[in-house]
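Asks: Got a structure for you, written out below as structure tokens; questions coming shortly.
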Amino acid sequence: MKKSIHALLLAAAIPWLPAVSRAQSTAYTAALLSYGPSAYWPMNETNGDTAYDDSPHGTNNGTYDDFNNSGAYILGQPGPGYLFGTNTSVNFNSPAALALYGPIAVVYIANEPNLNGTGPVTIIAWIQGTAMGTFSTPIANNDSSYHIDVDQHGYAHFADGNGAGDIVAVGTSAVNDGSWHQLVGVYDGASNNIYVDGALENATPCPTAPLGNDPSLPNGAYLQIADSPEYDFGQAYSGNICQVAIIPSALTAANVEALYNTLMIPACASEISHTPTGAQGDEPATPVVYAGSLTLTATVLGALPLSLQWYYIDTSNNSNNIPGANSASYSISNASPSLNGYQYGINAANAFGANSCGNQSVTLTVLDEIVVQPNLSPPVGEAFVGAPVTYTVFAGGDSPLSYQWSVDSVLVANATNSTFTTPALCGTHTNQVNLASPSGSATASSSAAYQGDAYPTNITFSSIGWNSSGWALNGTTYNEYGPQFDGEILVLTDGGSSEISSAFFEVAQYVGSFTASFIYQATGSGLFEGNGVAFIVQNAALGTNALGEIGELGTALGYYPTITNSAAFEINILALLGEMPGIALATNGQTQNYGGADYGSTGSVAITNGDPVLVQLTWANSNMAVTLTDQTTPSLTYSTNFDLGQSLTPILQGTDLAYIGFSGADGGIVSEQTVSNFTFTSTIPPVTLALSSLTSNSFVLSWPAYPADFVLQEAANLQGPWTVASTAPTVVAGLNTLTMNYTGAAQMFYKLVRQVCPP
């Protein structure tokens, strides 16, 4: 049957993709491949848009297409049975999709020479459908070449239609009954032959050979599955298709019957494989796997219906069937070390026999696995001596883990949790955590280094770190501006369009408490459009390479969404999109347009008039104090506070060391934004010595445990000599406490003295 062409389809050339072996090795596939197909599409993909050619040539990959991602084709549908594996077909143009979009789903295959035979040929396709009343085409080159069709009555057709005297071979049994059917069309040099489920149903004269593709026709450069390229979706197939093959020779009736009858083999389960793999010593028959999820899969052959049953034999040699484990794969959701030495196997049976491949089993060797992700971060930091430096290791495993921290390879007593806080020591030191599983079969470690300074370091734009590092600048051409230093002025945007940039000091600093100040200035005609900057403390995955994305009119400030594990003081000069110029304290890349709080007022200090504005920030006790001062008119000042409600440690992923720096962005209407006179300094919290009331001839002295470099000294008079208290304090609830006895003797004076690094 032929129909008129409805429209000209202009399809892009399909790029060649490398062949990927995806068909399971079965008796059927082995028999099929023995005939040397030019192309073989199992169509067992579960994702992507490539129909892979699994023939020895492997050069005829196709492309699934429905033109608008409408879902008119659905991958991973059930196939004809275990003979081909599971989920090995593709559904095209379902009734629901037809009602919404019409017939639009198809596979395009570039019509290479080995698909354009003009001699004997065999075409094979497995189909499952119920559609009636339409003439459809499971596979076709064009009407003058080979094509397999299903007519409106459900009968299969095979023809080439090249010359006078050619007669279409029409089958005699309906194949639109919802069951799977194998259709085979054969041109043997004299006749067209149509086979259904291995049986020859019709042979008709065909004195002329197929013509091959005709590039002058619509889509003439393509072979199609699920439609005829000549009719532009006029003969689209509705139903499931798989196991499509083209063989450049004519199979005999005996060949076709033998191929189909590979279904009638006794049940066989073989070649048990497993995922995941990769443990040292891992082999198919004796898997060495890490504890956790484990899937065993057997290659299953045999006539349907098949009966499958997984079992295990424990270390006491007891055999047990596994309830519900009746498919070709069996997953163990918790392969703990207790399963070490267990033997897992599968029994397969059908009407023609059981376990024809023999009993198949594997013996497990199960190890614990520890996953550390990420390692201690940041890897290098800096803090003043006595600062409470905190690290957290994020690790998981298949059994409860034990932790042991060390400083410079010396184990720290009672440091056995995932988080570790230690006072910074003078000089360079390494903190490390060792992890182990209960069985001891898995271990891991992670470490980070820091520099302890006698006094807090003052960071400026000219600073060089103790490890010879400086400032990292991020941004490239086009939509990412390359920031630059002009002397000690950081230029974040330079008047271009849609720019983002960032700059971070390359040694992470202690940010438990700090002060920072800088002068911000925006100049240019675009002051009221999408511009802004953020002062950031962060422990993002990219470290000093962190850079946000372009937001609408610059509303992401170069901060959203990738600079996570962070806190930022934001300055926004946008007056569009529901925003007003203002300031905010934000976390984890958020800005007002991306989940953050609205920008707050800057009082009498204008940040959009081009004046330089001095920004002074003080962070302590979960609160940021902000003071803005107009440098052109210093009498214009504004102060406010932002209460974060928590310390920075959890926000920074379990540490109080962070990279400090800036990000900036602008939109389509632009300005130059600069930061100058920058300083950052960690601050030492005030330490006060407290004295309790006299009780029972004793009293308690107490002072904060951190910073940890304050020691208690005592003297009989204020002139000294002063000596270190002879009794060491006890830490209770974050305080150093020391109980002193009072006997009414001579007076005693006490004071706290900070011990710094030796010169």
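Labeling convention for the structure tokens: chains A, B, ... as they appear, residues from 1 per chain, ligands from 1 in order of appearance.
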Could you pull out the helix (DSSP H, G or I) residues of range 445-663 of chain A, going by DSSP on the backbone, and write them as a PyMOL selection string?

Replies: chain A and resi 543-545+552-554+592-594+648-651

Asks: Could you tell me, as a ChimeraX atom specification, which residues of range 158-404 of chain A DSSP assigns to strand (DSSP E) when given the backbone?

Replies: /A:158-159,169-174,181-187,191-196,199-205,222-225,239-247,268-275,288-290,294-301,307-313,319-321,329-332,343-350,353-354,360-363,365-367,370-372,380-384,388-392,395-397,402-404

Asks: Expressed in Å to a single decimal, how great is the separation between CA of Ile346 in chain A and CA of Ser316 in chain A?

Replies: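 According to the coordinates, CA of Ile346 in chain A and CA of Ser316 in chain A are separated by 19.0 Å.
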
Asks: Using only C-alpha atoms, which residues sit within 10 Å of range 422-426 of chain A once same-chain residues fewer than 3 positions away are excluded, as a ChimeraX atom specification?

Replies: /A:382-391,407,412,415,429,431,450-454,705-709,756-758

Asks: Save out the residues we just selected, N, CA and C atoms, as a PDB file, in the first residue's frame.

Replies:
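Written output follows (out37.pdb):
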```
ATOM      1  N   GLU A 382      45.413  29.064  58.127  1.00  0.00           N
ATOM      2  CA  GLU A 382      46.254  29.910  58.959  1.00  0.00           C
ATOM      3  C   GLU A 382      45.417  30.442  60.108  1.00  0.00           C
ATOM      4  N   ALA A 383      45.989  30.467  61.317  1.00  0.00           N
ATOM      5  CA  ALA A 383      45.257  30.947  62.490  1.00  0.00           C
ATOM      6  C   ALA A 383      46.253  31.477  63.510  1.00  0.00           C
ATOM      7  N   PHE A 384      45.788  32.355  64.396  1.00  0.00           N
ATOM      8  CA  PHE A 384      46.655  32.817  65.474  1.00  0.00           C
ATOM      9  C   PHE A 384      46.771  31.724  66.528  1.00  0.00           C
ATOM     10  N   VAL A 385      47.889  31.704  67.222  1.00  0.00           N
ATOM     11  CA  VAL A 385      48.151  30.669  68.206  1.00  0.00           C
ATOM     12  C   VAL A 385      47.079  30.701  69.289  1.00  0.00           C
ATOM     13  N   GLY A 386      46.561  29.529  69.597  1.00  0.00           N
ATOM     14  CA  GLY A 386      45.514  29.399  70.598  1.00  0.00           C
ATOM     15  C   GLY A 386      44.118  29.403  70.030  1.00  0.00           C
ATOM     16  N   ALA A 387      43.972  29.777  68.765  1.00  0.00           N
ATOM     17  CA  ALA A 387      42.640  29.782  68.155  1.00  0.00           C
ATOM     18  C   ALA A 387      42.100  28.352  68.093  1.00  0.00           C
ATOM     19  N   PRO A 388      40.810  28.157  68.336  1.00  0.00           N
ATOM     20  CA  PRO A 388      40.232  26.805  68.298  1.00  0.00           C
ATOM     21  C   PRO A 388      39.986  26.350  66.859  1.00  0.00           C
ATOM     22  N   VAL A 389      40.967  25.741  66.261  1.00  0.00           N
ATOM     23  CA  VAL A 389      40.863  25.295  64.866  1.00  0.00           C
ATOM     24  C   VAL A 389      40.049  24.002  64.822  1.00  0.00           C
ATOM     25  N   THR A 390      39.011  24.006  64.010  1.00  0.00           N
ATOM     26  CA  THR A 390      38.091  22.862  63.927  1.00  0.00           C
ATOM     27  C   THR A 390      38.134  22.244  62.536  1.00  0.00           C
ATOM     28  N   TYR A 391      38.174  20.918  62.497  1.00  0.00           N
ATOM     29  CA  TYR A 391      38.085  20.167  61.248  1.00  0.00           C
ATOM     30  C   TYR A 391      36.999  19.111  61.398  1.00  0.00           C
ATOM     31  N   VAL A 407      47.870  14.893  65.855  1.00  0.00           N
ATOM     32  CA  VAL A 407      48.529  16.154  65.508  1.00  0.00           C
ATOM     33  C   VAL A 407      50.000  15.847  65.319  1.00  0.00           C
ATOM     34  N   VAL A 412      45.871  11.928  69.624  1.00  0.00           N
ATOM     35  CA  VAL A 412      45.259  12.800  70.615  1.00  0.00           C
ATOM     36  C   VAL A 412      44.253  11.974  71.413  1.00  0.00           C
ATOM     37  N   ALA A 415      40.125  11.902  71.118  1.00  0.00           N
ATOM     38  CA  ALA A 415      39.715  12.566  69.869  1.00  0.00           C
ATOM     39  C   ALA A 415      39.225  11.500  68.902  1.00  0.00           C
ATOM     40  N   HIS A 429      51.814  22.759  61.187  1.00  0.00           N
ATOM     41  CA  HIS A 429      51.429  21.486  61.791  1.00  0.00           C
ATOM     42  C   HIS A 429      50.424  20.768  60.889  1.00  0.00           C
ATOM     43  N   ASN A 431      47.145  18.145  61.032  1.00  0.00           N
ATOM     44  CA  ASN A 431      46.093  17.401  61.731  1.00  0.00           C
ATOM     45  C   ASN A 431      45.618  16.282  60.820  1.00  0.00           C
ATOM     46  N   TYR A 450      48.139  23.523  58.742  1.00  0.00           N
ATOM     47  CA  TYR A 450      47.865  24.920  59.054  1.00  0.00           C
ATOM     48  C   TYR A 450      49.134  25.570  59.577  1.00  0.00           C
ATOM     49  N   GLN A 451      49.142  26.894  59.547  1.00  0.00           N
ATOM     50  CA  GLN A 451      50.234  27.691  60.099  1.00  0.00           C
ATOM     51  C   GLN A 451      49.707  28.445  61.307  1.00  0.00           C
ATOM     52  N   GLY A 452      50.378  28.280  62.457  1.00  0.00           N
ATOM     53  CA  GLY A 452      50.017  29.013  63.663  1.00  0.00           C
ATOM     54  C   GLY A 452      50.886  30.243  63.817  1.00  0.00           C
ATOM     55  N   ASP A 453      50.270  31.437  63.874  1.00  0.00           N
ATOM     56  CA  ASP A 453      50.992  32.701  63.975  1.00  0.00           C
ATOM     57  C   ASP A 453      50.897  33.256  65.392  1.00  0.00           C
ATOM     58  N   ALA A 454      51.950  33.955  65.810  1.00  0.00           N
ATOM     59  CA  ALA A 454      51.950  34.533  67.149  1.00  0.00           C
ATOM     60  C   ALA A 454      50.807  35.520  67.326  1.00  0.00           C
ATOM     61  N   ALA A 705      38.269  28.642  77.724  1.00  0.00           N
ATOM     62  CA  ALA A 705      39.263  27.649  77.289  1.00  0.00           C
ATOM     63  C   ALA A 705      39.936  28.061  75.988  1.00  0.00           C
ATOM     64  N   TYR A 706      39.223  28.858  75.170  1.00  0.00           N
ATOM     65  CA  TYR A 706      39.801  29.356  73.923  1.00  0.00           C
ATOM     66  C   TYR A 706      39.693  30.862  73.907  1.00  0.00           C
ATOM     67  N   PRO A 707      40.719  31.565  73.471  1.00  0.00           N
ATOM     68  CA  PRO A 707      41.989  31.049  72.967  1.00  0.00           C
ATOM     69  C   PRO A 707      42.755  30.272  74.038  1.00  0.00           C
ATOM     70  N   ALA A 708      43.464  29.269  73.587  1.00  0.00           N
ATOM     71  CA  ALA A 708      44.053  28.310  74.526  1.00  0.00           C
ATOM     72  C   ALA A 708      45.454  28.688  74.980  1.00  0.00           C
ATOM     73  N   ASP A 709      45.968  29.852  74.544  1.00  0.00           N
ATOM     74  CA  ASP A 709      47.342  30.184  74.895  1.00  0.00           C
ATOM     75  C   ASP A 709      47.424  31.149  76.077  1.00  0.00           C
ATOM     76  N   VAL A 756      52.928  33.669  73.623  1.00  0.00           N
ATOM     77  CA  VAL A 756      53.033  33.683  72.168  1.00  0.00           C
ATOM     78  C   VAL A 756      54.243  32.873  71.744  1.00  0.00           C
ATOM     79  N   CYS A 757      54.401  32.767  70.431  1.00  0.00           N
ATOM     80  CA  CYS A 757      55.482  31.948  69.892  1.00  0.00           C
ATOM     81  C   CYS A 757      56.832  32.528  70.292  1.00  0.00           C
ATOM     82  N   PRO A 758      57.824  31.681  70.470  1.00  0.00           N
ATOM     83  CA  PRO A 758      59.171  32.185  70.772  1.00  0.00           C
ATOM     84  C   PRO A 758      59.702  32.979  69.590  1.00  0.00           C
TER      85      PRO A 758
END
```

Asks: Can you build me a table of range 629-694 of chain A residues sitting at most 9 Å from range 562-577 of chain A, with the closest atom pair per residue and its distance in Å to one decimal, using only C-alpha atoms, sorted by chain and residue number, as JSON lines?

Replies:
```
{"residue": "A:Leu648", "atom": "CA", "partner": "A:Ala567", "partner_atom": "CA", "distance": 7.6}
{"residue": "A:Pro650", "atom": "CA", "partner": "A:Asn565", "partner_atom": "CA", "distance": 8.4}
{"residue": "A:Ile651", "atom": "CA", "partner": "A:Asn565", "partner_atom": "CA", "distance": 5.4}
{"residue": "A:Leu652", "atom": "CA", "partner": "A:Asn565", "partner_atom": "CA", "distance": 4.5}
{"residue": "A:Gln653", "atom": "CA", "partner": "A:Asn565", "partner_atom": "CA", "distance": 6.0}
{"residue": "A:Ala658", "atom": "CA", "partner": "A:Ser566", "partner_atom": "CA", "distance": 8.3}
{"residue": "A:Phe662", "atom": "CA", "partner": "A:Ala568", "partner_atom": "CA", "distance": 8.8}
```

Asks: Give the answer as one residue: which of A:Met740, A:Val675, A:Ala125, A:Leu223 has the shortest atom-to-atom distance to Ser693 in chain A, using only C-alpha atoms?

Replies: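 Ranked by minimum distance to Ser693 in chain A, first place goes to A:Met740.
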
Asks: Hey, what's within 10 Å of Ser682 in chain A if we count only C-alpha atoms and toss same-chain stuff fewer than 3 positions away? As a PyMOL selection string, please?

Replies: chain A and resi 382-384+387+455-459+509-516+618-619+685

Asks: Given only C-alpha atoms as the basis, pick out the residue of A:Ser249, A:Leu367, A:Ser336, A:Ala267 nearest to Gly353 in chain A.

Replies: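 Result for the nearest residue to Gly353 in chain A: A:Ala267.
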